[in-house]
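Peer 1: Structure file my_file_8.txt, compact mmCIF, C-alpha atoms, is pasted below:
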# COMPACT_ATOMS: atom_id res chain seq x y z
CA MET A 1 -30.54 -3.86 23.25
CA THR A 2 -29.04 -7.28 23.82
CA ALA A 3 -25.54 -8.12 22.69
CA ALA A 4 -25.47 -7.30 19.04
CA THR A 5 -24.52 -9.82 16.43
CA VAL A 6 -22.41 -7.90 13.98
CA ARG A 7 -23.62 -8.06 10.37
CA ASP A 8 -26.83 -9.77 11.35
CA HIS A 9 -28.83 -8.44 8.46
CA ALA A 10 -31.93 -10.31 9.49
CA ARG A 11 -32.00 -8.35 12.73
CA SER A 12 -31.70 -5.05 10.90
CA ALA A 13 -35.16 -5.64 9.48
CA THR A 14 -36.52 -5.21 12.99
CA LEU A 15 -34.48 -2.09 13.76
CA PRO A 16 -36.68 0.92 14.34
CA ARG A 17 -36.79 3.23 11.33
CA ARG A 18 -38.59 6.50 11.12
CA ALA A 19 -39.20 8.93 8.25
CA PHE A 20 -39.93 12.65 8.53
CA VAL A 21 -40.83 15.19 5.87
CA ALA A 22 -41.17 18.98 5.85
CA GLN A 23 -41.53 21.54 3.08
CA ILE A 24 -38.76 24.14 3.27
CA MET A 25 -37.22 26.36 0.55
CA GLY A 26 -40.06 25.17 -1.68
CA LEU A 27 -38.69 21.64 -1.45
CA PRO A 28 -39.83 18.44 0.21
CA ILE A 29 -37.09 17.49 2.68
CA SER A 30 -37.27 13.86 3.80
CA VAL A 31 -35.21 12.54 6.70
CA HIS A 32 -34.92 8.85 7.56
CA VAL A 33 -33.27 7.54 10.72
CA ARG A 34 -32.68 3.87 11.52
CA GLY A 35 -31.32 2.46 14.75
CA PRO A 36 -32.56 1.57 18.21
CA GLU A 37 -33.56 5.14 19.14
CA ALA A 38 -34.94 6.14 15.70
CA ALA A 39 -38.48 6.51 16.99
CA SER A 40 -37.57 8.16 20.29
CA GLY A 41 -38.68 11.64 21.28
CA VAL A 42 -35.15 12.96 21.44
CA VAL A 43 -34.54 12.01 17.78
CA VAL A 44 -37.83 13.65 16.77
CA GLY A 45 -36.58 16.84 18.44
CA TRP A 46 -33.23 16.70 16.67
CA VAL A 47 -34.87 16.24 13.26
CA GLU A 48 -37.05 19.25 14.06
CA ASP A 49 -33.83 21.16 14.85
CA LEU A 50 -32.51 20.17 11.40
CA TYR A 51 -35.66 21.62 9.82
CA ASP A 52 -35.36 24.78 11.94
CA ALA A 53 -31.75 25.26 10.80
CA LEU A 54 -32.89 25.01 7.18
CA ARG A 55 -35.73 27.48 7.81
CA ALA A 56 -33.17 29.91 9.26
CA ASP A 57 -30.97 29.52 6.18
CA GLU A 58 -34.01 30.01 3.97
CA ALA A 59 -34.76 33.30 5.73
CA MET A 60 -31.15 34.43 5.22
CA PHE A 61 -30.50 33.21 1.66
CA SER A 62 -33.90 33.27 -0.04
CA THR A 63 -33.98 35.26 -3.27
CA TRP A 64 -37.78 34.90 -3.31
CA ARG A 65 -38.17 37.00 -0.18
CA PRO A 66 -37.48 40.60 -1.23
CA ASP A 67 -36.11 41.62 2.17
CA SER A 68 -33.86 38.65 2.91
CA PRO A 69 -30.21 39.61 3.49
CA VAL A 70 -29.18 37.95 0.22
CA SER A 71 -31.97 39.67 -1.74
CA ARG A 72 -30.71 43.01 -0.40
CA ILE A 73 -27.20 42.17 -1.64
CA LYS A 74 -28.49 40.85 -4.94
CA ASP A 75 -30.29 44.07 -5.82
CA GLY A 76 -27.50 46.31 -4.54
CA ARG A 77 -29.10 47.66 -1.34
CA ASP A 78 -26.39 46.01 0.81
CA GLN A 79 -22.76 45.09 0.19
CA LEU A 80 -21.43 41.55 0.37
CA ARG A 81 -18.40 42.67 2.39
CA ASP A 82 -20.72 43.82 5.21
CA ALA A 83 -22.82 40.64 5.15
CA HIS A 84 -23.34 37.98 7.84
CA PRO A 85 -20.34 35.59 8.12
CA ARG A 86 -22.53 32.74 6.83
CA ILE A 87 -23.26 34.66 3.65
CA ARG A 88 -19.60 35.52 3.17
CA GLU A 89 -18.71 31.86 3.75
CA VAL A 90 -21.13 30.88 0.98
CA ALA A 91 -19.73 33.57 -1.30
CA ALA A 92 -16.22 32.19 -0.75
CA LEU A 93 -17.44 28.67 -1.56
CA CYS A 94 -19.08 30.02 -4.73
CA GLU A 95 -15.70 31.46 -5.79
CA ILE A 96 -14.07 28.05 -5.28
CA ALA A 97 -16.95 26.38 -7.13
CA GLY A 98 -16.32 28.65 -10.11
CA GLN A 99 -12.67 27.64 -10.14
CA ARG A 100 -13.30 23.91 -9.66
CA THR A 101 -15.86 23.80 -12.47
CA GLY A 102 -13.93 25.87 -14.99
CA GLY A 103 -16.61 28.56 -14.79
CA SER A 104 -19.57 26.23 -15.35
CA PHE A 105 -20.90 27.24 -11.95
CA SER A 106 -21.17 30.90 -11.00
CA ALA A 107 -23.02 32.89 -8.35
CA TRP A 108 -22.42 36.11 -10.26
CA LEU A 109 -24.67 36.27 -13.32
CA PRO A 110 -25.77 39.29 -15.32
CA GLY A 111 -29.44 40.26 -15.01
CA PRO A 112 -31.65 41.61 -17.81
CA ASP A 113 -30.04 45.04 -17.43
CA GLY A 114 -26.54 43.60 -17.76
CA ARG A 115 -25.63 44.32 -14.14
CA VAL A 116 -23.96 41.34 -12.43
CA ARG A 117 -25.95 40.07 -9.44
CA PHE A 118 -24.86 37.85 -6.53
CA ASP A 119 -27.15 34.81 -6.39
CA PRO A 120 -25.71 31.83 -4.46
CA THR A 121 -28.94 29.80 -4.72
CA GLY A 122 -27.22 27.05 -6.72
CA LEU A 123 -24.85 26.26 -3.86
CA VAL A 124 -26.85 27.16 -0.76
CA LYS A 125 -29.29 24.25 -0.71
CA GLY A 126 -26.66 21.50 -0.79
CA TRP A 127 -24.45 23.36 1.66
CA ALA A 128 -27.26 24.10 4.12
CA VAL A 129 -28.56 20.53 4.01
CA GLU A 130 -25.06 19.06 4.41
CA GLN A 131 -24.43 21.24 7.47
CA ALA A 132 -27.76 20.51 9.16
CA PHE A 133 -27.46 16.80 8.38
CA GLY A 134 -23.91 16.73 9.79
CA ARG A 135 -25.22 18.15 13.07
CA LEU A 136 -27.92 15.44 13.22
CA ILE A 137 -25.31 12.72 12.55
CA GLU A 138 -23.11 14.10 15.30
CA ARG A 139 -25.96 14.05 17.81
CA LEU A 140 -27.16 10.59 16.77
CA GLY A 141 -23.64 9.33 17.45
CA GLY A 142 -24.20 10.07 21.11
CA LEU A 143 -27.00 7.48 21.16
CA GLY A 144 -24.83 4.71 19.72
CA PRO A 145 -24.68 3.61 16.10
CA HIS A 146 -27.49 5.01 13.95
CA ASP A 147 -27.88 5.50 10.19
CA ALA A 148 -29.57 8.47 8.55
CA LEU A 149 -30.60 9.78 5.16
CA VAL A 150 -31.78 13.16 3.91
CA ASN A 151 -33.39 13.85 0.53
CA ALA A 152 -33.85 17.54 -0.30
CA GLY A 153 -35.88 17.66 -3.49
CA GLY A 154 -33.83 14.96 -5.19
CA ASP A 155 -30.40 15.74 -3.72
CA ILE A 156 -29.45 13.14 -1.14
CA ALA A 157 -26.94 12.58 1.66
CA VAL A 158 -26.62 9.36 3.65
CA HIS A 159 -24.57 8.32 6.66
CA SER A 160 -24.16 4.85 8.17
CA SER A 161 -22.42 4.07 11.42
CA ARG A 162 -24.08 0.68 11.98
CA THR A 163 -22.51 -2.49 10.59
CA ASP A 164 -25.65 -4.64 10.58
CA THR A 165 -27.72 -2.58 8.15
CA PRO A 166 -28.05 -2.89 4.37
CA ASP A 167 -26.54 -0.16 2.18
CA TRP A 168 -28.85 2.73 1.40
CA THR A 169 -30.28 2.23 -2.07
CA ILE A 170 -30.48 5.47 -4.05
CA ALA A 171 -32.36 5.34 -7.34
CA ILE A 172 -31.72 7.78 -10.19
CA GLU A 173 -34.96 8.70 -11.88
CA ASP A 174 -35.41 8.57 -15.64
CA PRO A 175 -35.58 12.22 -16.75
CA ARG A 176 -37.75 11.21 -19.69
CA ASP A 177 -40.24 9.24 -17.62
CA ARG A 178 -40.18 10.32 -14.00
CA SER A 179 -42.22 7.32 -12.88
CA ARG A 180 -39.24 5.13 -13.75
CA VAL A 181 -35.73 4.82 -12.41
CA LEU A 182 -32.61 4.23 -14.50
CA ARG A 183 -29.98 3.07 -12.06
CA SER A 184 -29.59 2.35 -8.39
CA ILE A 185 -26.61 3.15 -6.24
CA ALA A 186 -25.61 1.27 -3.12
CA LEU A 187 -24.18 3.78 -0.70
CA ARG A 188 -23.31 3.72 3.00
CA THR A 189 -21.98 7.23 3.48
CA GLY A 190 -21.92 9.94 0.84
CA ALA A 191 -24.10 12.07 -1.39
CA VAL A 192 -26.00 11.90 -4.68
CA ALA A 193 -27.19 15.03 -6.51
CA THR A 194 -28.97 15.35 -9.84
CA SER A 195 -29.31 18.39 -12.08
CA GLY A 196 -31.81 18.56 -14.88
CA THR A 197 -34.82 20.42 -16.11
CA ALA A 198 -37.38 17.61 -15.93
CA ALA A 199 -39.12 18.74 -12.75
CA ARG A 200 -39.36 22.49 -13.12
CA GLY A 201 -39.03 22.87 -16.86
CA HIS A 202 -36.99 26.03 -16.52
CA HIS A 203 -33.52 26.41 -17.92
CA ILE A 204 -30.09 26.27 -16.36
CA THR A 205 -27.90 28.99 -17.83
CA ASP A 206 -24.31 28.37 -18.85
CA PRO A 207 -22.36 31.19 -17.13
CA VAL A 208 -19.73 31.09 -19.89
CA THR A 209 -22.05 31.44 -22.88
CA GLY A 210 -25.09 32.97 -21.18
CA ARG A 211 -27.28 30.48 -23.02
CA ALA A 212 -29.55 27.75 -21.66
CA SER A 213 -27.85 24.37 -21.36
CA ASP A 214 -29.60 21.71 -23.37
CA GLY A 215 -26.95 19.07 -24.00
CA LEU A 216 -28.23 16.55 -21.44
CA ALA A 217 -31.50 15.34 -19.99
CA SER A 218 -29.92 15.01 -16.54
CA ALA A 219 -26.57 14.84 -14.76
CA THR A 220 -26.08 12.94 -11.49
CA ILE A 221 -22.96 13.16 -9.34
CA ILE A 222 -22.05 10.77 -6.52
CA GLY A 223 -19.45 11.90 -4.02
CA PRO A 224 -18.45 12.18 -0.37
CA GLY A 225 -20.41 15.35 0.41
CA LEU A 226 -23.62 17.02 -0.75
CA THR A 227 -22.25 20.56 -1.28
CA TRP A 228 -19.83 19.50 -3.99
CA ALA A 229 -21.98 16.72 -5.46
CA ASP A 230 -24.68 19.36 -5.98
CA VAL A 231 -22.32 21.96 -7.49
CA TYR A 232 -20.67 19.38 -9.75
CA ALA A 233 -24.07 18.06 -10.92
CA THR A 234 -25.06 21.59 -11.96
CA ALA A 235 -21.72 22.10 -13.69
CA ALA A 236 -21.93 18.73 -15.46
CA PHE A 237 -25.39 19.57 -16.74
CA VAL A 238 -24.09 22.90 -18.02
CA LYS A 239 -21.09 21.26 -19.69
CA GLY A 240 -23.30 18.80 -21.59
CA ALA A 241 -21.32 16.23 -23.58
CA LYS A 242 -18.07 17.72 -22.32
CA ALA A 243 -19.00 16.60 -18.80
CA LEU A 244 -17.98 13.02 -19.63
CA ALA A 245 -14.26 13.78 -19.65
CA TRP A 246 -14.51 16.37 -16.91
CA ILE A 247 -16.19 14.03 -14.38
CA ALA A 248 -13.56 11.36 -15.08
CA THR A 249 -10.96 13.70 -13.62
CA LEU A 250 -12.86 14.58 -10.42
CA VAL A 251 -11.24 13.04 -7.37
CA ASP A 252 -13.56 10.75 -5.39
CA HIS A 253 -16.65 11.48 -7.46
CA ALA A 254 -18.60 9.50 -10.03
CA GLY A 255 -21.29 10.54 -12.48
CA VAL A 256 -24.28 9.27 -14.40
CA LEU A 257 -25.20 11.33 -17.45
CA VAL A 258 -28.43 10.85 -19.36
CA ALA A 259 -28.40 12.24 -22.90
CA ARG A 260 -31.46 13.63 -24.63
CA ASP A 261 -31.82 10.38 -26.57
CA GLY A 262 -31.75 8.33 -23.36
CA THR A 263 -28.15 7.13 -23.64
CA VAL A 264 -26.78 6.57 -20.15
CA SER A 265 -23.10 7.22 -19.44
CA THR A 266 -21.54 6.24 -16.14
CA ILE A 267 -18.25 7.88 -15.29
CA ARG A 268 -15.93 7.04 -12.48
CA GLY A 269 -13.62 9.81 -11.39
CA THR A 270 -10.11 9.50 -10.08
CA ARG A 271 -9.79 7.72 -6.77
CA SER A 272 -7.67 9.42 -4.20
CA GLY A 273 -4.86 7.37 -2.72
CA ARG A 274 -5.45 4.60 -5.19
CA GLY A 275 -3.46 3.35 -8.09
CA HIS A 276 -4.47 2.78 -11.68
CA THR A 277 -8.09 1.74 -12.14
CA PRO A 278 -8.32 -0.77 -14.95
CA VAL A 279 -11.15 -0.32 -17.39
CA GLY A 280 -12.20 -3.92 -16.81
CA THR A 281 -13.52 -3.06 -13.37
CA THR A 282 -16.22 -0.92 -14.90
CA SER A 283 -17.96 -3.93 -16.43
CA ASN A 284 -20.50 -3.82 -13.62
CA LEU A 285 -21.50 -0.40 -14.91
CA ARG A 286 -22.82 -1.93 -18.09
CA SER A 287 -26.13 -0.60 -19.20
CA SER A 288 -29.34 -2.47 -18.94
CA PRO A 289 -30.93 -3.68 -22.18
CA GLU A 290 -32.29 -0.87 -24.29
CA GLY A 291 -35.88 -1.98 -23.81
CA SER A 292 -35.90 -1.34 -20.10
CA LEU A 293 -34.26 2.06 -20.20
CA MET B 1 -22.37 -5.93 -41.74
CA LYS B 2 -19.63 -3.55 -42.75
CA LYS B 3 -22.24 -0.82 -43.04
CA ILE B 4 -23.38 -1.46 -39.49
CA VAL B 5 -19.84 -1.35 -38.15
CA VAL B 6 -19.21 1.91 -39.98
CA ALA B 7 -22.43 3.31 -38.56
CA VAL B 8 -21.46 2.26 -35.06
CA MET B 9 -17.99 3.64 -35.41
CA SER B 10 -19.23 6.95 -36.73
CA THR B 11 -21.51 7.24 -33.71
CA ILE B 12 -18.57 6.46 -31.47
CA SER B 13 -16.54 9.10 -33.24
CA GLY B 14 -19.27 11.63 -32.68
CA LEU B 15 -19.59 10.72 -29.03
CA LEU B 16 -15.89 10.82 -28.39
CA LEU B 17 -14.90 13.69 -30.66
CA LEU B 18 -13.98 15.41 -27.48
CA PHE B 19 -11.22 12.92 -26.78
CA SER B 20 -9.74 13.07 -30.29
CA TYR B 21 -10.67 9.42 -30.38
CA HIS B 22 -8.78 7.28 -32.86
CA THR B 23 -11.20 5.14 -34.82
CA SER B 24 -8.76 2.32 -35.13
CA THR B 25 -10.49 -1.04 -35.03
CA ASN B 26 -7.30 -2.53 -33.67
CA SER B 27 -7.81 -0.71 -30.42
CA GLN B 28 -11.13 -2.38 -29.72
CA ALA B 29 -11.48 -5.09 -27.17
CA ALA B 30 -14.78 -6.83 -27.65
CA THR B 31 -16.04 -8.73 -24.65
CA GLY B 32 -19.65 -9.47 -25.47
CA THR B 33 -22.81 -8.13 -23.92
CA THR B 34 -24.88 -9.37 -21.07
CA GLY B 35 -27.57 -10.78 -23.31
CA GLY B 36 -26.09 -10.86 -26.79
CA THR B 37 -24.30 -13.72 -28.40
CA GLY B 38 -21.83 -11.90 -30.60
CA THR B 39 -18.66 -9.98 -30.12
CA GLY B 40 -18.17 -6.53 -31.55
CA THR B 41 -18.16 -7.38 -35.22
CA ASP B 42 -19.76 -10.79 -35.16
CA PRO B 43 -21.88 -11.21 -38.28
CA GLN B 44 -23.84 -13.93 -36.50
CA ALA B 45 -25.59 -11.28 -34.47
CA SER B 46 -27.75 -10.11 -37.34
CA GLY B 47 -29.46 -13.42 -37.94
CA SER B 48 -29.55 -14.67 -34.39
CA THR B 49 -32.75 -15.74 -32.71
CA THR B 50 -31.44 -14.68 -29.32
CA PRO B 51 -34.12 -12.37 -27.92
CA ASN B 52 -31.74 -9.51 -27.25
CA ALA B 53 -30.02 -9.71 -30.64
CA GLY B 54 -31.48 -7.47 -33.28
CA SER B 55 -30.27 -6.30 -36.63
CA GLY B 56 -27.13 -4.59 -35.37
CA SER B 57 -23.88 -5.57 -33.76
CA SER B 58 -23.41 -5.78 -30.03
CA GLY B 59 -20.37 -5.67 -27.84
CA THR B 60 -18.24 -3.79 -25.39
CA TYR B 61 -15.52 -1.63 -26.85
CA THR B 62 -12.61 -0.01 -25.09
CA GLY B 63 -10.97 3.01 -26.64
CA ASP B 64 -7.37 4.12 -26.46
CA ALA B 65 -6.22 6.12 -23.48
CA VAL B 66 -6.38 9.69 -24.74
CA ALA B 67 -4.94 12.84 -23.25
CA THR B 68 -7.53 15.52 -22.62
CA ARG B 69 -7.10 18.96 -21.14
CA TRP B 70 -8.14 17.47 -17.80
CA GLY B 71 -5.92 14.42 -17.89
CA THR B 72 -5.75 11.01 -19.51
CA VAL B 73 -9.11 9.36 -20.09
CA GLN B 74 -10.09 5.99 -21.47
CA VAL B 75 -13.62 5.24 -22.60
CA GLN B 76 -15.51 1.96 -22.75
CA ILE B 77 -18.81 1.75 -24.58
CA VAL B 78 -21.50 -0.89 -24.77
CA VAL B 79 -23.25 -1.33 -28.11
CA GLN B 80 -26.46 -3.26 -28.42
CA ASN B 81 -28.07 -3.81 -31.79
CA GLY B 82 -25.94 -1.14 -33.37
CA LYS B 83 -26.86 1.49 -30.76
CA ILE B 84 -24.64 2.80 -28.01
CA VAL B 85 -26.51 2.21 -24.79
CA SER B 86 -23.86 3.23 -22.31
CA SER B 87 -20.37 4.58 -22.06
CA ASP B 88 -17.95 4.54 -19.16
CA ALA B 89 -15.05 6.94 -18.96
CA VAL B 90 -12.21 6.12 -16.64
CA ALA B 91 -9.46 8.52 -15.77
CA TYR B 92 -5.91 7.52 -15.16
CA PRO B 93 -4.68 9.11 -11.94
CA SER B 94 -2.13 11.78 -12.44
CA ASP B 95 1.20 11.69 -10.67
CA ASN B 96 0.16 14.76 -8.76
CA PRO B 97 1.19 14.01 -5.15
CA ARG B 98 -1.73 16.10 -3.91
CA ASP B 99 -4.09 13.38 -5.14
CA GLN B 100 -2.45 10.93 -2.78
CA GLN B 101 -3.01 13.09 0.28
CA ILE B 102 -6.77 13.11 0.13
CA ASN B 103 -8.37 10.45 2.26
CA ALA B 104 -9.32 7.30 0.45
CA TYR B 105 -12.96 7.19 -0.45
CA ALA B 106 -14.61 4.25 -2.12
CA ILE B 107 -16.65 5.16 -5.14
CA PRO B 108 -19.98 3.48 -4.53
CA LYS B 109 -21.09 0.60 -6.63
CA LEU B 110 -23.46 1.50 -9.40
CA ASN B 111 -25.90 -1.29 -10.08
CA ALA B 112 -26.61 -1.81 -13.73
CA GLU B 113 -29.85 -3.60 -13.00
CA VAL B 114 -32.82 -1.36 -13.35
CA VAL B 115 -34.76 -1.36 -10.13
CA ALA B 116 -38.49 -1.32 -10.53
CA ALA B 117 -39.87 2.02 -9.40
CA GLN B 118 -42.27 0.17 -7.14
CA SER B 119 -39.46 -1.75 -5.51
CA GLY B 120 -39.48 -1.72 -1.75
CA THR B 121 -35.69 -1.73 -1.72
CA ILE B 122 -35.29 1.92 -2.77
CA ASP B 123 -34.56 4.35 0.08
CA ALA B 124 -34.42 7.60 -1.87
CA VAL B 125 -34.83 8.91 -5.41
CA SER B 126 -32.41 11.39 -6.97
CA GLY B 127 -33.68 13.50 -9.82
CA ALA B 128 -34.16 16.99 -11.13
CA THR B 129 -35.37 19.13 -8.26
CA VAL B 130 -38.71 17.97 -6.91
CA THR B 131 -40.85 20.87 -5.77
CA SER B 132 -43.20 20.82 -2.81
CA ASP B 133 -46.11 20.71 -5.26
CA GLY B 134 -44.70 17.61 -6.93
CA TYR B 135 -43.91 15.77 -3.73
CA ILE B 136 -47.29 14.19 -3.13
CA THR B 137 -47.11 12.23 -6.39
CA SER B 138 -43.42 11.39 -6.10
CA LEU B 139 -41.89 8.01 -5.46
CA GLN B 140 -40.06 9.54 -2.49
CA SER B 141 -43.43 10.36 -0.95
CA ALA B 142 -44.46 6.70 -1.23
CA ILE B 143 -41.17 5.59 0.34
CA ASP B 144 -41.59 8.08 3.19
CA GLN B 145 -45.17 6.96 3.79
CA ALA B 146 -43.94 3.43 4.43
CA HIS B 147 -41.80 4.64 7.34
CA LEU B 148 -43.70 7.61 8.78
Could I get this structure in the form of structure tokens?

Peer 2:
Amino acid sequence: MTAATVRDHARSATLPRRAFVAQIMGLPISVHVRGPEAASGVVVGWVEDLYDALRADEAMFSTWRPDSPVSRIKDGRDQLRDAHPRIREVAALCEIAGQRTGGSFSAWLPGPDGRVRFDPTGLVKGWAVEQAFGRLIERLGGLGPHDALVNAGGDIAVHSSRTDTPDWTIAIEDPRDRSRVLRSIALRTGAVATSGTAARGHHITDPVTGRASDGLASATIIGPGLTWADVYATAAFVKGAKALAWIATLVDHAGVLVARDGTVSTIRGTRSGRGHTPVGTTSNLRSSPEGSL
Amino acid sequence: MKKIVVAVMSTISGLLLLFSYHTSTNSQAATGTTGGTGTGTDPQASGSTTPNAGSGSSGTYTGDAVATRWGTVQVQIVVQNGKIVSSDAVAYPSDNPRDQQINAYAIPKLNAEVVAAQSGTIDAVSGATVTSDGYITSLQSAIDQAHL
């Protein structure tokens, strides 16, 4: 590389960029890297390491594989207190998630027989992806400034250490017409997670009531990290209309809720270390005309 | 026109029941819409030939700051043609000193403009979980293909 011209956006168009995709945990996991070494063999190897880390977590946490360590805990063959430290770490995070969401997220749900089962699936994906992505970011840093993105089945984390690249543009799909997008988010570093039933059609159960949540078409949370964005998106979906006020109180997170009738609500949480946020600053969050929703 | 306003306000009440919203018209601050010509209760809107103006009122309304169990929240809604098309809730930071200790983090800008799904500017799509089976027909797949 020659001497870089900072914020030379025109040059960024010629920066190498490479995309990867693998199917793990039943999900397509896309990784994009942009920067001078994006297409190099060493980066290819590191992305493969990211996928290997996720495959290892899948083997440990899968509830689809009857003999995975978590499946053995879930059906009572093994005890959580004897589990691998990674599983106990996830269990501890699930406890915190229950507290932070007022019970709208829980890894302990009763099965058909009424017995409570440990199932951390709702937290594991975001946590595993955030960890593996963090390792990739760390390694990329050793090659000089690089940007990266990961999209695990619709839940996204991005990181930017370059100053000459455009923001990552994350689109939120329309849950009523998945070929369309409702909003786009300009993000340099952070995470976006969406919870809804559009893709799989199955229900998300409210741990408090035990009933399927049907208040919203989708709930999207934007925040600094994927683990909590993912947990909060699930909780917001479960809370339904009540999520509006709840998201507004989350520190450093924002939300986009899509109601069953297509009404879009954008909610900005509390900013840490900042003063009063006047309502007037949200004018850029105004909805698009009804016809294009 | 009064009927329309009542209809709009009742919808607002329903939406914001949670906040014990006061349906006082004095608390509204109408600022106009992106495409409409009228303010919140402008009777001109109903007969306007402006493309975006229909048979209902349009405007941006800001509610009172209301205490909720999670803190103080203020809500702004955008009404177009008598229908609420978006609502923004903004929290007032508490005086909790713990909030001040967390590192500053800029909430990303949300663009109101709808980006065409075919747009080459999108890097990733967030949505309800895409399965491996659904990937091949997904927009993310098309984006990835462009950079593989």

Peer 1: How many Å separate CA of Gly126 in chain A from CA of Asp155 in chain A?

Peer 2: 7.5 Å

Peer 1: Quick one: distance from CA of Gly210 in chain A to CA of Gly114 in chain A in Å, one decimal?

Peer 2: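 Rounded to one decimal, the two atoms are 11.3 Å apart.
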
Peer 1: Enumerate as a PyMOL selection string the residues belonging to chain A that approach chain B to within 6 Å, with all atoms listed in the file taken into account.

Peer 2: chain A and resi 18-19+26-28+153-155+169-173+180-187+194-196+198-199+248-249+263-268+270+272-273+285-288

Peer 1: Would you be able to write out as a PyMOL selection string which residues have an atom within 9 Å of (-27.5, 19.6, -6.6) in the file's coordinates, counting all atoms listed in the file?

Peer 2: (chain A and resi 122-123+125-126+154-156+192-195+220-221+226-234) or (chain B and resi 128-129)

Peer 1: What is the CA of Leu50 in chain A to CA of Ala107 in chain A distance in Å?

Peer 2: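 CA of Leu50 in chain A sits 25.3 Å away from CA of Ala107 in chain A.
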
Peer 1: So which residues touch Ser161 in chain A within 8 Å, counting all atoms listed in the file, skipping near sequence neighbours fewer than 3 positions away, as an NGL selection string?

Peer 2: :A and (145-147)

Peer 1: Any chance you could work out the axis-aligned box around range 160-164 of chain A, listed atoms only, 8 Å on each side, giving centre and edge lengths in Å to one decimal, as JSON?

Peer 2:
{"center_x": -24.0, "center_y": 0.1, "center_z": 10.1, "size_x": 19.2, "size_y": 25.5, "size_z": 19.8}
